[in-house]
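J.: Right, I'll just put the structure down here and ask away after.
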Amino acid sequence: MRDHDLPAPQRRTRGKRRFDDDEPHFLKRGRPAEPLLADPETEPDPETGETWSSWDDAVHGPEPHPDWLVTELAAKDTDLGVLKTGKEADVHLVRRAVPGTDRSCLLAVKRYRDADHRLFHRDSGYLEGRRVRRSREMRAMTGRTSFGRQMIAGQWAAAEFAALSRLWEIGSRYGTIAVPYPVQLRGTELMLEFLGDADGGRAAPRLAQLRPEGEELRDLWRQLVDALVVLARAGHAHGDLSPYNLLVHAGRLVLIDLPQIVDLVANPQGPEFLARDVRVVATWFAARGLPAAQADPEGLTGLLLREAGLR
């Protein structure tokens with residue numbers, strides 16, 4: 001795939017990146033928030049199932065906070081049930097509301113399991129290139145001690161929170177990538193913007209659940225290429241990309257599930273992860289009828305590696 005084969009919004013501009021080089025804070029690899037090693041437990045009210053909002057003792061998402069987000073300390077959280085059970089975490093639907101007012105919002109709450117209870121056993125490949133500042137913690141993680149397993153679970157949550165925060169800022173400014181707003185991080189619990197039907201509590205569909213055709217299919221592909229270019233320019237690959245961790249909400253393609261985000265430079269397997277991401281999604285789009293000239297995994301992988309400065 002050559003640059004001139006891409007639709008106009010996806011073409012590279014020689015010598016100039018699509019978002020300004022004088023805004024380096026959007027692309028620099030910031031240090032992820034330090035995860036708490038324990039989640040402070042708050043017993044829910046036995047009658048209402050409510051707990052006090054955990055906003056006050058959490059790491060918060062990018063500012064300015066969205067208008068819809070409830071940040072009042074008087075708010076209470078009510079767990080409405082499980083949205084999704086996954087390999088390394090479960091996602092719950094939570095309503096955060098201020099009693100006696102009409103202030104409320106729905107949140108998707110991702111709760112990571114520790115390594116003893118996860119079905120995700122590929123830690124070592126994804127964790128290459130990640131480091132913690134204290135050697136004792138690094139040794140514990142390497143040796144998979146009980147403390148180290150808890151640290152790894154916290155790293156998954158912290159890595160996803162940091163990635164979403166960075167990508168949210170890029171998306172809100174340039175509109176080239178869409179991710180859920182990362183509300184807060186608290187230990188191994190990550191609270192995110194709920195994407196879906198706020199009245200019925202029904203989550204937005206995954207791309208794998210849809211059967212787009214014609215212009216809708218082409219538009220979703222263009223959005224996906226734009227998002228992958230943003231990731232590559234920031235030096236990252238998704239690491240586990242598939243139609244099952246892409247949502248379609250109000251016509252927008254939204255990237256989710258980013259705990260295993262891969263540093264293309266620091267991780268020696270980075271280009272392999274990137275190539276696999278592209279191959280999986282390109283195969284899905286080609287099977288739905290996207291012309292092979294557009295859904296060309298080799299050409300797109302080459303473009304992304306150039307955007308990342310690796311070719």
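Naming scheme: A, B, ... for chains in displayed order of the structure tokens; residues 1 onward per chain; ligands 1 onward as shown.
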At most 10 Å is the cut-off: for each residue in segment 191-244 of chain A with any atom that close to an atom of segment 75-86 of chain A, write down the nearest atom pair and the distance in Å rounded to one decimal, counting only C-alpha atoms, chain first then increasing number, as a tab-separated table.
T.:
residue	atom	partner	partner_atom	distance
A:Gly201	CA	A:Leu80	CA	9.0
A:Arg202	CA	A:Leu83	CA	8.6
A:Ala203	CA	A:Leu83	CA	7.7
J.: Which residues come within 7 Å of segment 301-303 of chain A, counting only C-alpha atoms, excluding same-chain residues fewer than 3 positions away, as JSON, numbers by chain?
T.: {"A": [275, 278, 297, 298, 306, 307]}
J.: Let me see the file: selected residues, all heavy atoms, as a compact mmCIF listing (two decimals), in the first residue's frame.
T.:
# COMPACT_ATOMS: atom_id res chain seq x y z
N ALA A 275 2.24 -6.05 13.31
CA ALA A 275 1.87 -6.79 12.11
C ALA A 275 0.68 -7.71 12.38
O ALA A 275 -0.21 -7.86 11.53
CB ALA A 275 3.07 -7.59 11.59
N VAL A 278 -2.60 -5.67 12.55
CA VAL A 278 -3.06 -5.29 11.21
C VAL A 278 -3.63 -6.48 10.46
O VAL A 278 -4.69 -6.40 9.82
CB VAL A 278 -1.91 -4.64 10.41
CG1 VAL A 278 -2.32 -4.42 8.97
CG2 VAL A 278 -1.49 -3.32 11.05
N PRO A 297 -2.71 -5.94 4.39
CA PRO A 297 -2.00 -5.90 5.68
C PRO A 297 -0.52 -5.56 5.55
O PRO A 297 0.03 -4.83 6.38
CB PRO A 297 -2.21 -7.30 6.25
CG PRO A 297 -2.61 -8.15 5.11
CD PRO A 297 -3.30 -7.26 4.13
N GLU A 298 0.13 -6.07 4.51
CA GLU A 298 1.56 -5.79 4.36
C GLU A 298 1.81 -4.32 4.08
O GLU A 298 2.71 -3.70 4.67
CB GLU A 298 2.13 -6.64 3.22
CG GLU A 298 3.65 -6.49 3.07
CD GLU A 298 4.21 -7.40 1.99
OE1 GLU A 298 3.51 -8.34 1.57
OE2 GLU A 298 5.37 -7.16 1.56
N ARG A 306 6.73 3.05 9.20
CA ARG A 306 7.35 4.32 8.78
C ARG A 306 6.87 5.46 9.68
O ARG A 306 7.67 6.33 10.07
CB ARG A 306 7.03 4.62 7.32
CG ARG A 306 7.72 3.69 6.33
CD ARG A 306 7.66 4.23 4.90
NE ARG A 306 6.29 4.34 4.41
CZ ARG A 306 5.62 3.33 3.86
NH1 ARG A 306 6.18 2.13 3.74
NH2 ARG A 306 4.40 3.51 3.39
N GLU A 307 5.59 5.48 10.00
CA GLU A 307 5.06 6.53 10.87
C GLU A 307 5.71 6.47 12.25
O GLU A 307 5.89 7.49 12.91
CB GLU A 307 3.54 6.40 11.01
CG GLU A 307 2.76 6.67 9.73
CD GLU A 307 2.77 8.14 9.35
OE1 GLU A 307 3.24 8.98 10.14
OE2 GLU A 307 2.27 8.47 8.24
J.: Just the alpha helix (DSSP H) stuff from segment 194-278 of chain A, please, per backbone DSSP, written as a list in words.
T.: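 Alpha helix (DSSP H) assignments inside segment 194-278 of chain A correspond to Gly214, Glu215, Glu216, Leu217, Arg218, Asp219, Leu220, Trp221, Arg222, Gln223, Leu224, Val225, Asp226, Ala227, Leu228, Val229, Val230, Leu231, Ala232, Arg233, Gly270, Pro271, Glu272, Phe273, Leu274, Ala275, Arg276, Asp277 and Val278 of chain A.
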J.: Could you take the residues named above and write them with C-alpha atoms, as a short mmCIF file (atom, residue, chain, number, x, y, z; two decimals), in the first residue's frame?
T.:
data_model
loop_
_atom_site.label_atom_id
_atom_site.label_comp_id
_atom_site.auth_asym_id
_atom_site.auth_seq_id
_atom_site.Cartn_x
_atom_site.Cartn_y
_atom_site.Cartn_z
CA GLY A 214 -20.58 -0.32 1.21
CA GLU A 215 -19.75 3.18 2.38
CA GLU A 216 -20.25 2.30 6.06
CA LEU A 217 -17.61 -0.43 5.77
CA ARG A 218 -15.20 1.91 3.97
CA ASP A 219 -15.75 4.66 6.54
CA LEU A 220 -15.03 2.31 9.46
CA TRP A 221 -11.82 1.18 7.72
CA ARG A 222 -10.72 4.81 7.23
CA GLN A 223 -11.37 5.49 10.91
CA LEU A 224 -9.37 2.41 11.88
CA VAL A 225 -6.36 3.38 9.72
CA ASP A 226 -6.42 6.90 11.19
CA ALA A 227 -6.44 5.46 14.72
CA LEU A 228 -3.58 3.07 13.97
CA VAL A 229 -1.53 5.92 12.49
CA VAL A 230 -2.03 7.91 15.71
CA LEU A 231 -0.86 4.93 17.76
CA ALA A 232 2.18 4.40 15.54
CA ARG A 233 3.20 8.06 15.69
CA GLY A 270 6.87 -4.62 18.88
CA PRO A 271 6.83 -4.82 15.06
CA GLU A 272 5.51 -8.40 15.28
CA PHE A 273 2.64 -7.33 17.53
CA LEU A 274 1.87 -4.48 15.13
CA ALA A 275 1.87 -6.79 12.11
CA ARG A 276 -0.46 -9.22 13.88
CA ASP A 277 -2.87 -6.41 14.82
CA VAL A 278 -3.06 -5.29 11.21
#
J.: How many Å lie between atom CA of Leu195 of chain A and atom CA of Lys87 of chain A, rounded to one decimal?
T.: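 Rounded to one decimal, the two atoms are 20.6 Å apart.
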J.: Which neighbours of Trp68 of chain A fall inside 12 Å, counting only C-alpha atoms, when residues of the same chain fewer than 3 positions from it are skipped, and could you give them as a count of residues only?
T.: 17
J.: For Phe285 of chain A, find every residue with an atom within 8 Å (counting only C-alpha atoms), except residues of its own chain fewer than 3 positions away, and show them as a short mmCIF file (atom, residue, chain, number, x, y, z; two decimals) with N, CA, C and O atoms, in the first residue's frame.
T.:
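The result, written out as selection13.cif:
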data_model
loop_
_atom_site.label_atom_id
_atom_site.label_comp_id
_atom_site.auth_asym_id
_atom_site.auth_seq_id
_atom_site.Cartn_x
_atom_site.Cartn_y
_atom_site.Cartn_z
N LEU A 217 -18.80 0.41 5.60
CA LEU A 217 -17.61 -0.43 5.77
C LEU A 217 -16.35 0.36 5.45
O LEU A 217 -15.36 0.31 6.19
N TRP A 221 -13.22 1.48 8.02
CA TRP A 221 -11.82 1.18 7.72
C TRP A 221 -10.97 2.45 7.76
O TRP A 221 -9.85 2.44 8.31
N VAL A 281 -7.31 -7.44 11.78
CA VAL A 281 -8.41 -6.55 11.39
C VAL A 281 -8.57 -6.46 9.88
O VAL A 281 -9.69 -6.37 9.36
N ALA A 282 -7.46 -6.51 9.14
CA ALA A 282 -7.55 -6.46 7.67
C ALA A 282 -8.27 -7.69 7.14
O ALA A 282 -9.07 -7.60 6.19
N ARG A 288 -15.56 -8.96 4.80
CA ARG A 288 -16.84 -8.24 4.70
C ARG A 288 -16.98 -7.53 3.36
O ARG A 288 -17.98 -6.85 3.12
N GLY A 289 -15.98 -7.61 2.50
CA GLY A 289 -16.11 -7.06 1.17
C GLY A 289 -15.24 -5.86 0.85
O GLY A 289 -15.34 -5.30 -0.24
N LEU A 290 -14.37 -5.44 1.78
CA LEU A 290 -13.46 -4.33 1.46
C LEU A 290 -12.46 -4.81 0.42
O LEU A 290 -11.87 -5.88 0.57
N ALA A 295 -7.56 -3.26 1.96
CA ALA A 295 -7.29 -4.08 3.14
C ALA A 295 -6.03 -4.91 2.93
O ALA A 295 -6.05 -6.14 3.01
#
J.: Quick one: residues within 10 Å of Tyr244 of chain A, only C-alpha atoms counted, chain neighbours fewer than 3 positions away excluded, as an MDAnalysis selection string?
T.: chainID A and resid 205:209 240:241 247 255:257 281
J.: Please report the interatomic distance between atom CA of Gly235 of chain A and atom CA of Arg166 of chain A in Å with one decimal.
T.: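 Distance reported for this atom pair: 12.0 Å.
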J.: Between atom CA of Pro62 of chain A and atom CA of Gly187 of chain A, what is the distance in Å, rounded to a tenth?
T.: 17.7 Å
